[in-house]
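Okay, final39.pdb is below, PDB, C-alpha atoms:
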ATOM      1  CA  MET Y   1      13.932 -22.750 101.364
ATOM      2  CA  VAL Y   2      11.364 -24.627 103.486
ATOM      3  CA  SER Y   3      12.290 -24.780 107.163
ATOM      4  CA  SER Y   4      12.167 -28.127 108.921
ATOM      5  CA  SER Y   5       9.276 -26.880 111.056
ATOM      6  CA  ASP Y   6       7.212 -26.363 107.889
ATOM      7  CA  GLN Y   7       8.012 -29.735 106.333
ATOM      8  CA  GLU Y   8       5.480 -32.513 106.564
ATOM      9  CA  THR Y   9       6.502 -35.364 108.857
ATOM     10  CA  VAL Y  10       5.773 -38.869 107.610
ATOM     11  CA  LEU Y  11       5.929 -41.795 110.013
ATOM     12  CA  VAL Y  12       7.148 -44.976 108.310
ATOM     13  CA  ILE Y  13       6.292 -48.213 110.085
ATOM     14  CA  GLY Y  14       8.225 -51.072 108.505
ATOM     15  CA  ALA Y  15      11.249 -49.060 107.357
ATOM     16  CA  THR Y  16      13.638 -51.927 108.142
ATOM     17  CA  GLY Y  17      11.428 -54.759 106.915
ATOM     18  CA  ARG Y  18      13.400 -57.472 105.157
ATOM     19  CA  HIS Y  19      10.820 -59.245 102.999
ATOM     20  CA  GLY Y  20      10.505 -57.041  99.959
ATOM     21  CA  GLY Y  21      12.044 -54.076 101.729
ATOM     22  CA  THR Y  22       9.275 -51.684 100.693
ATOM     23  CA  GLY Y  23       9.898 -49.494 103.719
ATOM     24  CA  ALA Y  24      13.432 -48.627 102.630
ATOM     25  CA  ARG Y  25      12.187 -47.580  99.189
ATOM     26  CA  VAL Y  26       9.398 -45.496 100.713
ATOM     27  CA  VAL Y  27      11.905 -43.693 102.965
ATOM     28  CA  GLU Y  28      14.165 -42.970  99.997
ATOM     29  CA  ARG Y  29      11.334 -41.566  97.874
ATOM     30  CA  LEU Y  30       9.893 -39.462 100.706
ATOM     31  CA  GLN Y  31      13.266 -37.914 101.489
ATOM     32  CA  ALA Y  32      13.759 -37.112  97.804
ATOM     33  CA  ALA Y  33      10.384 -35.357  97.888
ATOM     34  CA  GLY Y  34      11.481 -33.172 100.805
ATOM     35  CA  ARG Y  35       9.513 -34.841 103.587
ATOM     36  CA  LEU Y  36      10.813 -35.277 107.121
ATOM     37  CA  VAL Y  37      10.822 -39.012 107.759
ATOM     38  CA  ARG Y  38      10.317 -40.610 111.142
ATOM     39  CA  ALA Y  39      10.660 -44.391 111.471
ATOM     40  CA  LEU Y  40       9.284 -46.746 114.080
ATOM     41  CA  VAL Y  41      11.612 -49.750 114.423
ATOM     42  CA  ARG Y  42      11.373 -52.768 116.681
ATOM     43  CA  SER Y  43      15.128 -53.117 117.270
ATOM     44  CA  ASP Y  44      17.834 -50.496 117.671
ATOM     45  CA  ASP Y  45      20.248 -52.389 115.444
ATOM     46  CA  GLU Y  46      22.539 -51.601 112.517
ATOM     47  CA  ARG Y  47      19.555 -51.100 110.213
ATOM     48  CA  ALA Y  48      18.156 -48.474 112.572
ATOM     49  CA  GLN Y  49      21.555 -46.820 112.742
ATOM     50  CA  ARG Y  50      21.727 -46.595 108.947
ATOM     51  CA  LEU Y  51      18.361 -44.858 108.981
ATOM     52  CA  ARG Y  52      19.629 -42.304 111.495
ATOM     53  CA  GLU Y  53      22.722 -41.675 109.420
ATOM     54  CA  SER Y  54      20.511 -40.958 106.417
ATOM     55  CA  GLY Y  55      18.598 -38.287 108.341
ATOM     56  CA  VAL Y  56      15.624 -40.327 109.548
ATOM     57  CA  GLN Y  57      14.334 -39.707 113.064
ATOM     58  CA  THR Y  58      14.298 -43.233 114.475
ATOM     59  CA  LEU Y  59      12.162 -44.343 117.408
ATOM     60  CA  VAL Y  60      12.087 -47.809 118.929
ATOM     61  CA  GLY Y  61       8.631 -49.237 119.455
ATOM     62  CA  ASP Y  62       6.202 -52.034 118.723
ATOM     63  CA  LEU Y  63       2.784 -51.945 117.083
ATOM     64  CA  HIS Y  64       1.643 -54.404 119.744
ATOM     65  CA  ASP Y  65       2.711 -52.095 122.582
ATOM     66  CA  ARG Y  66       0.349 -49.150 122.358
ATOM     67  CA  ARG Y  67       2.424 -47.079 124.785
ATOM     68  CA  THR Y  68       5.295 -46.857 122.295
ATOM     69  CA  LEU Y  69       3.083 -45.487 119.534
ATOM     70  CA  LEU Y  70       2.230 -42.142 121.158
ATOM     71  CA  PRO Y  71       5.600 -40.429 120.542
ATOM     72  CA  ALA Y  72       5.823 -41.976 117.085
ATOM     73  CA  LEU Y  73       2.430 -40.701 115.903
ATOM     74  CA  ASP Y  74       2.500 -37.345 117.676
ATOM     75  CA  GLY Y  75       2.937 -34.635 115.051
ATOM     76  CA  ALA Y  76       2.927 -36.981 112.045
ATOM     77  CA  GLN Y  77       0.864 -35.710 109.132
ATOM     78  CA  SER Y  78       1.111 -38.989 107.199
ATOM     79  CA  VAL Y  79       1.736 -42.610 108.154
ATOM     80  CA  TYR Y  80       2.941 -45.568 106.089
ATOM     81  CA  VAL Y  81       2.352 -49.075 107.444
ATOM     82  CA  ALA Y  82       3.943 -52.195 105.961
ATOM     83  CA  TYR Y  83       2.995 -55.092 108.206
ATOM     84  CA  PRO Y  84       4.651 -58.430 107.392
ATOM     85  CA  VAL Y  85       2.794 -61.594 106.444
ATOM     86  CA  ALA Y  86       2.490 -62.497 110.102
ATOM     87  CA  ALA Y  87      -0.157 -62.769 112.776
ATOM     88  CA  GLY Y  88      -1.327 -59.782 114.814
ATOM     89  CA  VAL Y  89      -2.092 -57.176 112.160
ATOM     90  CA  ALA Y  90      -5.657 -56.497 113.330
ATOM     91  CA  THR Y  91      -4.506 -55.734 116.885
ATOM     92  CA  ALA Y  92      -1.626 -53.632 115.569
ATOM     93  CA  LEU Y  93      -3.911 -51.476 113.433
ATOM     94  CA  ALA Y  94      -6.393 -51.141 116.292
ATOM     95  CA  ASN Y  95      -3.583 -49.780 118.477
ATOM     96  CA  VAL Y  96      -2.702 -47.210 115.817
ATOM     97  CA  ALA Y  97      -6.341 -46.115 115.502
ATOM     98  CA  SER Y  98      -6.627 -45.828 119.282
ATOM     99  CA  VAL Y  99      -3.568 -43.562 119.550
ATOM    100  CA  ILE Y 100      -4.749 -41.383 116.649
ATOM    101  CA  HIS Y 101      -8.038 -40.945 118.504
ATOM    102  CA  GLU Y 102      -6.230 -40.058 121.756
ATOM    103  CA  LEU Y 103      -4.044 -37.505 119.974
ATOM    104  CA  ASP Y 104      -7.163 -36.064 118.290
ATOM    105  CA  SER Y 105      -5.225 -36.006 115.030
ATOM    106  CA  SER Y 106      -6.070 -37.039 111.492
ATOM    107  CA  PRO Y 107      -2.926 -38.176 109.680
ATOM    108  CA  HIS Y 108      -3.342 -39.709 106.258
ATOM    109  CA  MET Y 109      -2.451 -43.358 106.642
ATOM    110  CA  VAL Y 110      -1.395 -45.586 103.758
ATOM    111  CA  ILE Y 111      -1.405 -49.340 104.368
ATOM    112  CA  ASN Y 112       0.582 -51.600 102.061
ATOM    113  CA  SER Y 113      -1.754 -54.572 101.828
ATOM    114  CA  HIS Y 114      -2.655 -57.641  99.779
ATOM    115  CA  GLY Y 115      -5.085 -58.095  96.920
ATOM    116  CA  THR Y 116      -6.096 -61.325  98.643
ATOM    117  CA  GLY Y 117      -7.556 -59.475 101.634
ATOM    118  CA  ASP Y 118     -11.130 -60.596 102.267
ATOM    119  CA  LEU Y 119     -13.182 -61.457 105.346
ATOM    120  CA  ASP Y 120     -14.105 -64.811 103.764
ATOM    121  CA  SER Y 121     -10.651 -65.706 102.426
ATOM    122  CA  PRO Y 122      -9.376 -69.258 102.959
ATOM    123  CA  SER Y 123      -6.149 -67.670 104.254
ATOM    124  CA  GLY Y 124      -6.176 -66.667 107.890
ATOM    125  CA  ILE Y 125      -3.774 -63.783 107.243
ATOM    126  CA  SER Y 126      -5.916 -62.454 104.406
ATOM    127  CA  ARG Y 127      -8.937 -62.485 106.706
ATOM    128  CA  GLU Y 128      -7.034 -60.732 109.490
ATOM    129  CA  PHE Y 129      -5.682 -58.018 107.192
ATOM    130  CA  ALA Y 130      -9.190 -57.384 105.867
ATOM    131  CA  LEU Y 131     -10.591 -57.209 109.404
ATOM    132  CA  GLY Y 132      -7.968 -54.721 110.600
ATOM    133  CA  GLU Y 133      -8.284 -52.548 107.510
ATOM    134  CA  GLU Y 134     -12.065 -52.429 107.574
ATOM    135  CA  LEU Y 135     -11.894 -51.603 111.280
ATOM    136  CA  MET Y 136      -9.743 -48.568 110.445
ATOM    137  CA  VAL Y 137     -12.349 -47.378 107.957
ATOM    138  CA  GLU Y 138     -15.220 -47.904 110.417
ATOM    139  CA  LEU Y 139     -13.339 -45.970 113.123
ATOM    140  CA  GLY Y 140     -13.058 -42.984 110.788
ATOM    141  CA  VAL Y 141      -9.295 -43.070 110.289
ATOM    142  CA  ASN Y 142      -8.151 -41.106 107.226
ATOM    143  CA  VAL Y 143      -6.824 -44.214 105.523
ATOM    144  CA  THR Y 144      -5.922 -45.480 102.063
ATOM    145  CA  VAL Y 145      -5.548 -49.256 101.948
ATOM    146  CA  LEU Y 146      -3.599 -50.323  98.872
ATOM    147  CA  ARG Y 147      -4.469 -53.954  98.315
ATOM    148  CA  ILE Y 148      -1.814 -54.769  95.728
ATOM    149  CA  GLY Y 149      -3.203 -57.507  93.516
ATOM    150  CA  ALA Y 150       0.023 -59.337  92.795
ATOM    151  CA  PHE Y 151       2.638 -61.543  94.393
ATOM    152  CA  PHE Y 152       6.069 -60.021  94.966
ATOM    153  CA  TYR Y 153       8.923 -61.346  92.841
ATOM    154  CA  GLU Y 154      10.749 -61.538  96.153
ATOM    155  CA  ASN Y 155       8.516 -64.497  97.099
ATOM    156  CA  VAL Y 156      10.285 -66.589  94.465
ATOM    157  CA  LEU Y 157      13.623 -65.593  95.952
ATOM    158  CA  LEU Y 158      12.472 -66.295  99.498
ATOM    159  CA  ALA Y 159      10.676 -69.581  98.904
ATOM    160  CA  HIS Y 160      12.671 -71.167  96.100
ATOM    161  CA  SER Y 161      16.155 -69.715  95.506
ATOM    162  CA  GLY Y 162      17.800 -72.199  97.860
ATOM    163  CA  ALA Y 163      16.305 -75.203  96.075
ATOM    164  CA  ILE Y 164      17.126 -73.701  92.682
ATOM    165  CA  ARG Y 165      20.784 -73.195  93.664
ATOM    166  CA  GLU Y 166      21.122 -76.672  95.119
ATOM    167  CA  THR Y 167      19.051 -78.839  92.769
ATOM    168  CA  GLY Y 168      17.825 -76.753  89.831
ATOM    169  CA  VAL Y 169      14.255 -77.752  90.734
ATOM    170  CA  PHE Y 170      11.632 -75.782  92.646
ATOM    171  CA  ALA Y 171       8.225 -77.033  93.669
ATOM    172  CA  ASN Y 172       4.900 -75.592  94.819
ATOM    173  CA  CYS Y 173       1.172 -76.004  94.245
ATOM    174  CA  PHE Y 174       0.499 -73.104  91.830
ATOM    175  CA  GLY Y 175       0.284 -75.601  88.971
ATOM    176  CA  ASP Y 176      -0.630 -73.917  85.689
ATOM    177  CA  ALA Y 177      -2.071 -70.776  87.319
ATOM    178  CA  ARG Y 178      -0.814 -67.439  85.974
ATOM    179  CA  PRO Y 179      -1.218 -64.927  88.817
ATOM    180  CA  ALA Y 180      -0.032 -61.343  88.631
ATOM    181  CA  TRP Y 181       3.477 -60.441  89.840
ATOM    182  CA  ILE Y 182       5.212 -57.214  90.826
ATOM    183  CA  SER Y 183       8.522 -56.090  92.294
ATOM    184  CA  ALA Y 184       8.484 -54.802  95.864
ATOM    185  CA  THR Y 185      10.059 -51.584  94.554
ATOM    186  CA  ASP Y 186       7.112 -50.919  92.274
ATOM    187  CA  GLY Y 187       4.712 -51.810  95.063
ATOM    188  CA  ALA Y 188       6.458 -49.282  97.295
ATOM    189  CA  ASP Y 189       6.203 -46.620  94.589
ATOM    190  CA  LEU Y 190       2.436 -47.111  94.428
ATOM    191  CA  CYS Y 191       2.318 -46.434  98.167
ATOM    192  CA  VAL Y 192       4.508 -43.336  97.821
ATOM    193  CA  THR Y 193       2.083 -41.956  95.233
ATOM    194  CA  ALA Y 194      -0.736 -42.444  97.737
ATOM    195  CA  LEU Y 195       1.296 -40.623 100.410
ATOM    196  CA  LEU Y 196       2.385 -37.700  98.253
ATOM    197  CA  GLU Y 197      -0.782 -37.402  96.158
ATOM    198  CA  PRO Y 198      -3.648 -38.577  98.402
ATOM    199  CA  GLN Y 199      -6.213 -37.085  96.032
ATOM    200  CA  ALA Y 200      -5.247 -39.762  93.506
ATOM    201  CA  TYR Y 201      -7.007 -42.342  95.670
ATOM    202  CA  ALA Y 202      -9.708 -40.162  97.197
ATOM    203  CA  LYS Y 203     -12.672 -42.064  95.760
ATOM    204  CA  SER Y 204     -12.401 -45.044  98.104
ATOM    205  CA  PRO Y 205     -10.469 -45.907 101.279
ATOM    206  CA  ILE Y 206      -9.764 -49.400  99.932
ATOM    207  CA  VAL Y 207      -8.040 -49.515  96.545
ATOM    208  CA  TYR Y 208      -7.097 -52.564  94.503
ATOM    209  CA  ALA Y 209      -3.775 -51.662  92.916
ATOM    210  CA  PRO Y 210      -2.512 -53.618  89.885
ATOM    211  CA  GLY Y 211       0.507 -55.807  89.355
ATOM    212  CA  HIS Y 212       2.857 -55.799  86.384
ATOM    213  CA  GLU Y 213       2.817 -59.154  84.583
ATOM    214  CA  ARG Y 214       1.160 -62.550  84.701
ATOM    215  CA  LEU Y 215       3.520 -65.492  84.942
ATOM    216  CA  SER Y 216       3.075 -69.215  85.417
ATOM    217  CA  GLN Y 217       5.592 -71.199  87.412
ATOM    218  CA  GLN Y 218       6.840 -72.764  84.180
ATOM    219  CA  GLU Y 219       7.420 -69.312  82.701
ATOM    220  CA  ILE Y 220       9.293 -68.367  85.873
ATOM    221  CA  ALA Y 221      11.469 -71.463  85.533
ATOM    222  CA  ASP Y 222      12.184 -70.677  81.881
ATOM    223  CA  ILE Y 223      13.230 -67.103  82.660
ATOM    224  CA  ILE Y 224      15.523 -68.188  85.501
ATOM    225  CA  SER Y 225      17.061 -70.811  83.206
ATOM    226  CA  GLU Y 226      17.731 -68.274  80.467
ATOM    227  CA  GLU Y 227      19.192 -65.679  82.825
ATOM    228  CA  THR Y 228      21.394 -68.021  84.872
ATOM    229  CA  GLY Y 229      22.563 -70.478  82.234
ATOM    230  CA  ARG Y 230      21.176 -73.353  84.282
ATOM    231  CA  ASP Y 231      18.490 -75.930  83.620
ATOM    232  CA  VAL Y 232      15.832 -74.840  86.119
ATOM    233  CA  ARG Y 233      12.646 -76.906  86.272
ATOM    234  CA  TYR Y 234       9.290 -76.443  87.963
ATOM    235  CA  GLN Y 235       7.618 -79.374  89.723
ATOM    236  CA  TYR Y 236       4.002 -79.416  90.864
ATOM    237  CA  ILE Y 237       3.368 -80.727  94.367
ATOM    238  CA  ASN Y 238       0.146 -80.627  96.365
ATOM    239  CA  GLN Y 239      -0.630 -78.106  99.096
ATOM    240  CA  GLU Y 240       0.244 -80.471 101.928
ATOM    241  CA  GLU Y 241       3.678 -81.250 100.522
ATOM    242  CA  TRP Y 242       4.535 -77.593  99.865
ATOM    243  CA  THR Y 243       3.421 -76.742 103.395
ATOM    244  CA  ARG Y 244       5.721 -79.445 104.727
ATOM    245  CA  GLN Y 245       8.638 -78.098 102.682
ATOM    246  CA  LEU Y 246       8.044 -74.527 103.847
ATOM    247  CA  LYS Y 247       7.981 -75.678 107.469
ATOM    248  CA  ALA Y 248      11.342 -77.361 106.955
ATOM    249  CA  ALA Y 249      12.762 -74.244 105.281
ATOM    250  CA  ALA Y 250      11.489 -71.994 108.066
ATOM    251  CA  VAL Y 251      14.128 -73.362 110.417
ATOM    252  CA  HIS Y 252      16.868 -71.754 108.325
ATOM    253  CA  SER Y 253      15.030 -68.575 107.242
ATOM    254  CA  GLY Y 254      15.907 -66.368 110.196
ATOM    255  CA  GLY Y 255      12.241 -65.685 110.867
ATOM    256  CA  LEU Y 256      11.402 -64.626 107.308
ATOM    257  CA  VAL Y 257       9.240 -67.721 106.812
ATOM    258  CA  ASN Y 258       6.705 -67.959 109.641
ATOM    259  CA  ASP Y 259       3.578 -69.981 110.420
ATOM    260  CA  ALA Y 260       1.247 -67.381 108.924
ATOM    261  CA  MET Y 261       3.158 -67.296 105.637
ATOM    262  CA  ILE Y 262       3.294 -71.098 105.562
ATOM    263  CA  GLN Y 263      -0.504 -71.179 105.641
ATOM    264  CA  HIS Y 264      -1.007 -68.145 103.400
ATOM    265  CA  LEU Y 265       1.089 -68.918 100.314
ATOM    266  CA  PRO Y 266       0.090 -72.557  99.694
ATOM    267  CA  THR Y 267      -3.567 -71.763 100.388
ATOM    268  CA  HIS Y 268      -3.758 -69.073  97.724
ATOM    269  CA  ALA Y 269      -1.585 -71.066  95.337
ATOM    270  CA  ARG Y 270      -3.956 -74.022  95.550
ATOM    271  CA  THR Y 271      -7.101 -71.932  95.060
ATOM    272  CA  MET Y 272      -5.540 -70.303  92.009
ATOM    273  CA  ALA Y 273      -4.448 -73.635  90.611
ATOM    274  CA  ASP Y 274      -7.974 -74.981  91.130
ATOM    275  CA  ASN Y 275      -9.516 -71.739  89.815
ATOM    276  CA  THR Y 276     -11.649 -71.562  92.948
ATOM    277  CA  THR Y 277     -10.343 -68.341  94.468
ATOM    278  CA  ILE Y 278     -13.103 -65.877  95.314
ATOM    279  CA  ALA Y 279     -11.120 -63.079  96.882
ATOM    280  CA  ALA Y 280      -7.843 -62.467  95.110
ATOM    281  CA  ARG Y 281      -7.677 -59.477  92.761
ATOM    282  CA  MET Y 282      -4.992 -60.163  90.173
ATOM    283  CA  ASP Y 283      -5.031 -57.302  87.674
ATOM    284  CA  THR Y 284      -2.054 -55.976  85.707
ATOM    285  CA  ASP Y 285      -1.461 -52.412  84.526
ATOM    286  CA  PRO Y 286       2.171 -51.568  83.674
ATOM    287  CA  SER Y 287       1.209 -47.997  82.725
ATOM    288  CA  ALA Y 288      -0.143 -47.316  86.217
ATOM    289  CA  LEU Y 289       3.091 -48.580  87.742
ATOM    290  CA  ALA Y 290       5.152 -46.435  85.376
ATOM    291  CA  ALA Y 291       3.117 -43.382  86.322
ATOM    292  CA  ALA Y 292       3.736 -44.036  90.029
ATOM    293  CA  SER Y 293       7.501 -44.452  89.722
ATOM    294  CA  GLY Y 294       8.365 -42.344  86.686
ATOM    295  CA  ARG Y 295      10.100 -45.298  85.028
ATOM    296  CA  PRO Y 296       9.131 -48.587  83.403
ATOM    297  CA  PRO Y 297       8.182 -51.206  86.018
ATOM    298  CA  LEU Y 298      10.696 -53.913  86.801
ATOM    299  CA  THR Y 299      10.132 -57.154  84.911
ATOM    300  CA  PHE Y 300      10.703 -60.534  86.506
ATOM    301  CA  ARG Y 301      13.507 -61.094  84.015
ATOM    302  CA  ASN Y 302      15.318 -57.979  85.201
ATOM    303  CA  PHE Y 303      14.643 -58.960  88.806
ATOM    304  CA  VAL Y 304      16.407 -62.278  88.194
ATOM    305  CA  ARG Y 305      19.328 -60.396  86.606
ATOM    306  CA  GLN Y 306      19.650 -58.376  89.811
ATOM    307  CA  HIS Y 307      19.783 -61.579  91.894
ATOM    308  CA  ARG Y 308      21.642 -63.954  89.601
ATOM    309  CA  SER Y 309      23.996 -65.218  92.290
ATOM    310  CA  ALA Y 310      21.082 -66.056  94.603
ATOM    311  CA  PHE Y 311      19.671 -68.282  91.857
ATOM    312  CA  GLY Y 312      23.076 -69.939  91.312
ATOM    313  CA  ALA Y 313      23.981 -68.349  87.974
ATOM    314  CA  LEU Y 314      26.629 -70.176  85.968
ATOM    315  CA  THR Y 315      27.099 -67.625  83.180
ATOM    316  CA  ALA Y 316      28.798 -64.261  83.352
ATOM    317  CA  ASN Y 317      26.698 -61.126  83.381
ATOM    318  CA  ALA Y 318      25.636 -60.000  79.925
TER     319      ALA Y 318
END

Can the structure in the file be given as structure tokens, please?
Amino acid sequence: MVSSSDQETVLVIGATGRHGGTGARVVERLQAAGRLVRALVRSDDERAQRLRESGVQTLVGDLHDRRTLLPALDGAQSVYVAYPVAAGVATALANVASVIHELDSSPHMVINSHGTGDLDSPSGISREFALGEELMVELGVNVTVLRIGAFFYENVLLAHSGAIRETGVFANCFGDARPAWISATDGADLCVTALLEPQAYAKSPIVYAPGHERLSQQEIADIISEETGRDVRYQYINQEEWTRQLKAAAVHSGGLVNDAMIQHLPTHARTMADNTTIAARMDTDPSALAAASGRPPLTFRNFVRQHRSAFGALTANA
């Protein structure tokens, strides 16, 4: 039996994140693999308490307060970072790199990032992620940046489930574009593979990981209709109108929809609809996802089945 002193400690930053919840999945997989998990959380709330009860060492801190990162990073052999679609990621990553340098350590860091990351992206968040990540590489941090080239299914839930429940119609500016999609669970499993098997991504510090399936908004509407027993329709609106709608929805989102996301999603949707995007990597490879998780990747159809009530299902479960 391996003693706790011999087990590798993995610091998980973003363990209580709500959008997608990749951190929770990463914690679960790491514990199953026998790692000691330490979590940095911003609030000592009921989510932090649940982590403690599951055996996770939980520390309260903030990526924007460098002083709180020293005890979190001290002794960690690996680090997982899931930063939300929100401003401040470049400063946050710079703080992490600074503390690693002060501790004179070399943990393997895995960053859960976006396939849209690019210094010339039309999205401010995509530019900032790219800047922070490339800074980590230039500073010599032992880092694997997984730029997942797909939108999370959870974005449909976050941005459109309310309208679907209330009116049966959802609107955005993706038009006829068919970007790649993936479940947050499968995205998390890709990151766990990078943490547990770093040699798998040793060729480059920045890796473009694939999604699962390409879907248009009309195909999404058809699947939701079939799985909920409702007539769900997609409506195209321009970027300005979708931005206005997201701003209105942000008031009731509890902070899940923020200014950065409001600029990010419609910007990339429009460039994909216009076929003018220069940065987004939107590849699909279900076999790679299956290899990372040991099971078939989750389809959007099965995702909808898991969240039928959120989409206002009228029919009983099959």

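For Leu70 of chain Y, the list of residues within 12 Å, based on only C-alpha atoms and with local chain neighbours fewer than 6 positions off taken out, reads Y:Leu11, Y:Leu40, Y:Leu59, Y:Val60, Y:Gly61, Y:Asp62, Y:Leu63, Y:Ala76, Y:Asn95, Y:Val96, Y:Ala97, Y:Ser98, Y:Val99, Y:Ile100, Y:His101, Y:Glu102, Y:Leu103, Y:Asp104, Y:Ser105.
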
message: Evaluated on this file, the PyMOL selection byres ((chain Y and resi 14) around 7) picks out some residues - which ones are they, written as a PyMOL selection string?
response: chain Y and resi 12-13+15-17+23+41+81-83

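For the pair atom CA of Pro107 of chain Y and atom CA of Ala72 of chain Y, the separation is 12.1 Å.
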
- prompt: Can you list what the PyMOL selection byres ((chain Y and resi 305) around 12) grabs from this structure, as JSON, numbers by chain?
  reply: {"Y": [223, 224, 225, 226, 227, 228, 229, 298, 299, 300, 301, 302, 303, 304, 306, 307, 308, 309, 310, 311, 312, 313, 315, 316, 317, 318]}

Mind telling me what the PyMOL selection byres ((chain Y and resi 287) around 12) catches here, as a tab-separated table (two decimals) with C-alpha atoms, in the coordinates of the input?
chain	number	residue	atom	x	y	z
Y	186	ASP	CA	7.11	-50.92	92.27
Y	190	LEU	CA	2.44	-47.11	94.43
Y	209	ALA	CA	-3.78	-51.66	92.92
Y	210	PRO	CA	-2.51	-53.62	89.88
Y	211	GLY	CA	0.51	-55.81	89.36
Y	212	HIS	CA	2.86	-55.80	86.38
Y	213	GLU	CA	2.82	-59.15	84.58
Y	284	THR	CA	-2.05	-55.98	85.71
Y	285	ASP	CA	-1.46	-52.41	84.53
Y	286	PRO	CA	2.17	-51.57	83.67
Y	288	ALA	CA	-0.14	-47.32	86.22
Y	289	LEU	CA	3.09	-48.58	87.74
Y	290	ALA	CA	5.15	-46.44	85.38
Y	291	ALA	CA	3.12	-43.38	86.32
Y	292	ALA	CA	3.74	-44.04	90.03
Y	293	SER	CA	7.50	-44.45	89.72
Y	294	GLY	CA	8.36	-42.34	86.69
Y	295	ARG	CA	10.10	-45.30	85.03
Y	296	PRO	CA	9.13	-48.59	83.40
Y	297	PRO	CA	8.18	-51.21	86.02
Y	298	LEU	CA	10.70	-53.91	86.80

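For the choices Y:Ala87, Y:Ile182, Y:Val232, Y:Leu215, the atom-to-atom distance to Asn258 of chain Y is smallest for Y:Ala87 when using all atoms listed in the file.
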
field: Among the residues Y:Asn275, Y:Ala86, Y:Ala24, Y:Gln57, the one that comes closest to Ser123 of chain Y [using all atoms listed in the file]
entry: Y:Ala86

task: Choose the residue, out of Y:Asn112, Y:Met136, Y:Gln7, Y:Ser106, that has the smallest atom-to-atom separation from Asp189 of chain Y; count only C-alpha atoms.
output: Y:Asn112

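Residues lying within 12 Å of Phe174 of chain Y, counting only C-alpha atoms and ignoring same-chain neighbours fewer than 6 positions away, are Y:Leu215, Y:Ser216, Y:Gln217, Y:Gln218, Y:Ile220, Y:Tyr234, Y:Gln235, Y:Tyr236, Y:Ile237, Y:Asn238, Y:Gln239, Y:Trp242, Y:Leu265, Y:Pro266, Y:Thr267, Y:His268, Y:Ala269, Y:Arg270, Y:Thr271, Y:Met272, Y:Ala273, Y:Asp274, Y:Asn275.
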
- request: Determine the nearest neighbour of Glu154 of chain Y from the options Y:Gly140, Y:Arg67, Y:Ala250, Y:Thr22, counting all atoms listed in the file.
  value: Y:Thr22

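Proximity of Y:Ala184, Y:Val257, Y:Ala163, Y:Leu131 to Val26 of chain Y, computed with only C-alpha atoms, is greatest for Y:Ala184.
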
All file atoms of segment 241-250 of chain Y boxed axis-aligned, 3 Å per side, centre plus edges, as AutoDock Vina command-line options:
--center_x 8.1 --center_y -76.6 --center_z 104.0 --size_x 15.3 --size_y 15.3 --size_z 14.2

- prompt: Which residues, protein or nucleic acid, reach to within 6 Å of (10.6, -74.2, 92.6) in the file's coordinates when using only C-alpha atoms, and can you give that as a ChimeraX atom specification?
  reply: /Y:160,169-171,234

- prompt: Could you pull the residues within 9 Å of Leu119 of chain Y, counting only C-alpha atoms, minus those fewer than 6 positions along the same chain, as a PyMOL selection string?
  reply: chain Y and resi 126-131+279

Could you save the residues just selected, with C-alpha atoms, as a PDB file, in the coordinates of the input?
ATOM      1  CA  SER Y 126      -5.916 -62.454 104.406  1.00  0.00           C
ATOM      2  CA  ARG Y 127      -8.937 -62.485 106.706  1.00  0.00           C
ATOM      3  CA  GLU Y 128      -7.034 -60.732 109.490  1.00  0.00           C
ATOM      4  CA  PHE Y 129      -5.682 -58.018 107.192  1.00  0.00           C
ATOM      5  CA  ALA Y 130      -9.190 -57.384 105.867  1.00  0.00           C
ATOM      6  CA  LEU Y 131     -10.591 -57.209 109.404  1.00  0.00           C
ATOM      7  CA  ALA Y 279     -11.120 -63.079  96.882  1.00  0.00           C
TER       8      ALA Y 279
END

- line: One residue among Y:Arg29, Y:Arg214, Y:Lys203, Y:His108 is nearest to Ala150 of chain Y when using only C-alpha atoms, and that residue is Y:Arg214

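For the pair atom CA of Gln77 of chain Y and atom CA of Thr9 of chain Y, the interatomic distance is 5.7 Å.
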
- prompt: Please, what distance in Å, to one decimal, runs between atom CA of Asn155 of chain Y and atom CA of Met261 of chain Y?
  reply: 10.5 Å
